[in-house]
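Visitor: First, the structure itself, so that you have it in front of you.
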Amino acid sequence: MTPQVQAPSPISLETHPGARVRLTDLDRQAWLDAALALEYPDYRDLDAWEQFRAAASARAPAALEAALEGFFSDATGNYLILENLPVDPFLPAAPLDGKRPAGKQAVSEAVIAGLIGTRAEIFSYANEKSGSPIHEVAPVAGLEQTQSNAGRTAMEFHTDGAFLPAHFRPQGLLLFGLLNIDTATFVLTADQVASAAPPDLLHGLKQPWYRHMPPASFSCAAAPKPGPIVWRAADGSTCVAAASSSIEPVNARAREALREFRALCAEAAPERIVIAPGTALLFRNDRVLHGRQAVRGARWLQRAYFTPSLAPFREATGSDPRAFCFDAPALLET
């Protein structure tokens, strides 16, 4: 008798596991006026960066408080879309070198810092974007074909920092739109993957059979330890970790499971979010896979990593109590 092969269930988003909130024009204008009074600091000056964060947090509108508290307290799903937020009135051309343009106003940075506020800590890796706490995400000349935020090619579903131990990865990401013609970001939750995967595949994805390799720019001497792609956290939530294009399976069963996982994601119907100017997407990096269609036109987003506490980072690296930037290879080796 021919064995019956159980096909994966199609992944859909009939019930969106996120929330969408639109700021009123009146609140947006008031926030813009307040943000224009701020200047973006030299982030290497830790006191100046903290002062900027505090000032930006104080200027965020009360109208978004409930939505943000719900997201950060784990009460409103795995991602949050906020629309009609302030954008710099005089925006320079999108950077071709991946660096913040000189002379740019500080409106978008004040919005990002204000949204994260005191609910979480913004942090960065010294090996990425020169350690800047807020990243410029735009195509970079010469890197268009890379699987990275600097590329133009379609980006596979992934999570950020998958090669690091879980407590040193970003718990969440914030993406903010400055310029975006029609390039969509895709989000797919770990729950959706787990629901669609046949039992054998889900079992394979939960095994510590996958080595998530770091990007070349991180230059890690130590090899990441193998881990699962999908697992169940202590609070019962389904979590996920996946490098964008460099996952090394440790055995033949893992190789087949990885192939099936990628096929499952490729057939998915994720939510398609065009992060337009004035739109912010916040999502949980440990519960949401994200990807991107090919960039055809102009696109400039900003990105920030956040986590509940930087105490483990600072303790592991012996850093200044105010530090927010850490060497990823050093974290990998602790």
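Chain labels A, B, ... are given in the sequence in which chains occur in the structure tokens; within each chain residues are numbered consecutively from 1, and ligands are likewise numbered from 1 in the order shown.
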With a distance cut-off of 8 Å and only C-alpha atoms, select the neighbouring residues of segment 166-178 of chain A, excluding the residue or stretch itself and same-chain residues fewer than 3 positions from it, and output the selection as an mmCIF file with N, CA and C atoms, in the first residue's frame.
Guide:
```
data_model
loop_
_atom_site.group_PDB
_atom_site.id
_atom_site.type_symbol
_atom_site.label_atom_id
_atom_site.label_comp_id
_atom_site.auth_asym_id
_atom_site.auth_seq_id
_atom_site.Cartn_x
_atom_site.Cartn_y
_atom_site.Cartn_z
ATOM 1 N N VAL A 87 6.502 62.819 9.945
ATOM 2 C CA VAL A 87 7.714 62.603 9.153
ATOM 3 C C VAL A 87 8.413 63.948 8.987
ATOM 4 N N SER A 108 11.825 61.738 12.612
ATOM 5 C CA SER A 108 11.575 60.289 12.587
ATOM 6 C C SER A 108 12.253 59.583 13.744
ATOM 7 N N ILE A 112 10.448 57.295 16.592
ATOM 8 C CA ILE A 112 10.855 55.928 16.932
ATOM 9 C C ILE A 112 11.160 55.802 18.418
ATOM 10 N N ASP A 160 15.776 38.368 12.972
ATOM 11 C CA ASP A 160 17.072 39.036 13.105
ATOM 12 C C ASP A 160 17.844 38.459 14.293
ATOM 13 N N GLY A 161 19.165 38.363 14.113
ATOM 14 C CA GLY A 161 20.036 37.905 15.198
ATOM 15 C C GLY A 161 19.851 36.446 15.559
ATOM 16 N N ALA A 162 19.379 35.613 14.620
ATOM 17 C CA ALA A 162 19.087 34.204 14.936
ATOM 18 C C ALA A 162 20.323 33.435 15.364
ATOM 19 N N ILE A 275 5.132 49.774 4.213
ATOM 20 C CA ILE A 275 5.463 50.709 5.288
ATOM 21 C C ILE A 275 5.678 52.078 4.647
ATOM 22 N N ALA A 276 4.576 52.778 4.468
ATOM 23 C CA ALA A 276 4.576 54.065 3.786
ATOM 24 C C ALA A 276 5.141 55.152 4.702
ATOM 25 N N PRO A 277 5.455 56.329 4.161
ATOM 26 C CA PRO A 277 5.891 57.428 5.021
ATOM 27 C C PRO A 277 4.897 57.682 6.148
ATOM 28 N N GLY A 278 5.418 57.738 7.369
ATOM 29 C CA GLY A 278 4.553 57.955 8.520
ATOM 30 C C GLY A 278 3.901 56.714 9.068
ATOM 31 N N THR A 279 4.310 55.534 8.589
ATOM 32 C CA THR A 279 3.794 54.268 9.119
ATOM 33 C C THR A 279 4.895 53.562 9.904
ATOM 34 N N ALA A 280 4.537 53.019 11.056
ATOM 35 C CA ALA A 280 5.468 52.235 11.868
ATOM 36 C C ALA A 280 4.916 50.822 12.025
ATOM 37 N N LEU A 281 5.791 49.854 11.856
ATOM 38 C CA LEU A 281 5.462 48.444 12.106
ATOM 39 C C LEU A 281 6.331 47.972 13.257
ATOM 40 N N LEU A 282 5.706 47.549 14.345
ATOM 41 C CA LEU A 282 6.409 46.952 15.474
ATOM 42 C C LEU A 282 6.038 45.480 15.520
ATOM 43 N N PHE A 283 7.013 44.621 15.686
ATOM 44 C CA PHE A 283 6.692 43.197 15.783
ATOM 45 C C PHE A 283 7.691 42.481 16.674
ATOM 46 N N ARG A 284 7.255 41.319 17.160
ATOM 47 C CA ARG A 284 8.075 40.498 18.051
ATOM 48 C C ARG A 284 8.978 39.612 17.204
ATOM 49 N N ASN A 285 10.247 39.830 17.339
ATOM 50 C CA ASN A 285 11.230 39.110 16.528
ATOM 51 C C ASN A 285 11.269 37.623 16.854
ATOM 52 N N ASP A 286 10.844 37.242 18.062
ATOM 53 C CA ASP A 286 10.864 35.835 18.439
ATOM 54 C C ASP A 286 9.556 35.117 18.118
ATOM 55 N N ARG A 299 13.165 53.443 -1.767
ATOM 56 C CA ARG A 299 12.731 52.924 -0.461
ATOM 57 C C ARG A 299 13.727 53.340 0.610
ATOM 58 N N TRP A 300 13.205 53.927 1.675
ATOM 59 C CA TRP A 300 14.034 54.314 2.812
ATOM 60 C C TRP A 300 13.200 54.148 4.073
ATOM 61 N N LEU A 301 13.564 53.149 4.857
ATOM 62 C CA LEU A 301 12.968 52.949 6.169
ATOM 63 C C LEU A 301 14.028 53.202 7.222
ATOM 64 N N GLN A 302 13.590 53.319 8.457
ATOM 65 C CA GLN A 302 14.503 53.283 9.600
ATOM 66 C C GLN A 302 14.087 52.123 10.494
ATOM 67 N N ARG A 303 15.081 51.564 11.190
ATOM 68 C CA ARG A 303 14.843 50.371 12.001
ATOM 69 C C ARG A 303 15.485 50.548 13.372
ATOM 70 N N ALA A 304 14.817 50.019 14.381
ATOM 71 C CA ALA A 304 15.390 49.975 15.726
ATOM 72 C C ALA A 304 15.110 48.613 16.333
ATOM 73 N N TYR A 305 16.107 48.059 17.021
ATOM 74 C CA TYR A 305 15.942 46.840 17.798
ATOM 75 C C TYR A 305 15.555 47.230 19.219
ATOM 76 N N PHE A 306 14.709 46.414 19.854
ATOM 77 C CA PHE A 306 14.413 46.673 21.257
ATOM 78 C C PHE A 306 14.314 45.363 22.027
ATOM 79 N N THR A 307 14.499 45.476 23.336
ATOM 80 C CA THR A 307 14.469 44.329 24.245
ATOM 81 C C THR A 307 14.052 44.839 25.627
ATOM 82 N N PRO A 308 13.457 43.995 26.469
ATOM 83 C CA PRO A 308 12.971 44.488 27.766
ATOM 84 C C PRO A 308 14.051 45.073 28.656
ATOM 85 N N PRO A 312 21.413 41.862 30.927
ATOM 86 C CA PRO A 312 22.214 40.690 30.537
ATOM 87 C C PRO A 312 23.334 41.032 29.559
ATOM 88 N N PHE A 313 23.089 41.947 28.642
ATOM 89 C CA PHE A 313 24.100 42.370 27.678
ATOM 90 C C PHE A 313 25.270 43.051 28.395
ATOM 91 N N LEU A 331 29.183 38.523 22.436
ATOM 92 C CA LEU A 331 27.963 37.930 23.010
ATOM 93 C C LEU A 331 27.840 36.463 22.649
#
```
Visitor: Just want the 9 Å neighbourhood of Ser148 of chain A, counted on only C-alpha atoms, with same-chain residues fewer than 5 positions away dropped. Output as a list in words.
Guide: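 Returned residues: Leu143, Thr153, Met155, Pro215 and Ser244 of chain A.
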Visitor: With N, CA and C atoms retained, export the selected residues as an mmCIF file, in the first residue's frame.
Guide:
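What landed in selection_1.cif:
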```cif
data_model
loop_
_atom_site.group_PDB
_atom_site.id
_atom_site.type_symbol
_atom_site.label_atom_id
_atom_site.label_comp_id
_atom_site.auth_asym_id
_atom_site.auth_seq_id
_atom_site.Cartn_x
_atom_site.Cartn_y
_atom_site.Cartn_z
ATOM 1 N N LEU A 143 25.547 46.628 -3.192
ATOM 2 C CA LEU A 143 24.992 45.559 -2.357
ATOM 3 C C LEU A 143 23.574 45.179 -2.776
ATOM 4 N N THR A 153 17.023 42.636 -3.825
ATOM 5 C CA THR A 153 16.395 41.356 -4.128
ATOM 6 C C THR A 153 15.338 41.015 -3.074
ATOM 7 N N MET A 155 13.644 39.307 -0.124
ATOM 8 C CA MET A 155 14.288 38.772 1.065
ATOM 9 C C MET A 155 13.445 37.665 1.668
ATOM 10 N N PRO A 215 25.634 36.952 9.557
ATOM 11 C CA PRO A 215 26.039 37.660 8.341
ATOM 12 C C PRO A 215 27.564 37.816 8.293
ATOM 13 N N SER A 244 18.284 34.492 7.562
ATOM 14 C CA SER A 244 17.635 34.833 6.298
ATOM 15 C C SER A 244 17.956 33.856 5.179
#
```
Visitor: Can I get the residues of segment 107-193 of chain A within 7 Å of segment 35-51 of chain A, each with the closest pair of atoms and their distance in Å to one decimal, using only C-alpha atoms, sorted chain first then ascending number, as CSV?
Guide:
```
residue,atom,partner,partner_atom,distance
A:Val107,CA,A:Ala35,CA,5.2
A:Ala110,CA,A:Ala35,CA,6.0
A:Ser132,CA,A:Tyr43,CA,6.9
```
Visitor: For Ala138 of chain A, please output as a PyMOL selection string all residues within 9 Å (counting only C-alpha atoms; exclusion window: fewer than 4 positions along the same chain).
Guide: chain A and resi 94-98+149-152+298-302
Visitor: Quick check, in Å to one decimal: how far apart do atom CA of Glu128 of chain A and atom CA of His158 of chain A lie?
Guide: 17.2 Å
Visitor: Taking 2 positions as the minimum chain separation for residues in the same chain, which residues sit within 12 Å of segment 62-70 of chain A when counting only C-alpha atoms? Answer as a VMD selection string.
Guide: chain A and resid 18 to 28 30 to 31 57 to 60 72 to 85 111 114 to 120 280 to 283
Visitor: For the atom pair atom CA of Arg322 of chain A and atom CA of Ala241 of chain A, what is the interatomic distance in Å to one decimal place?
Guide: 28.3 Å
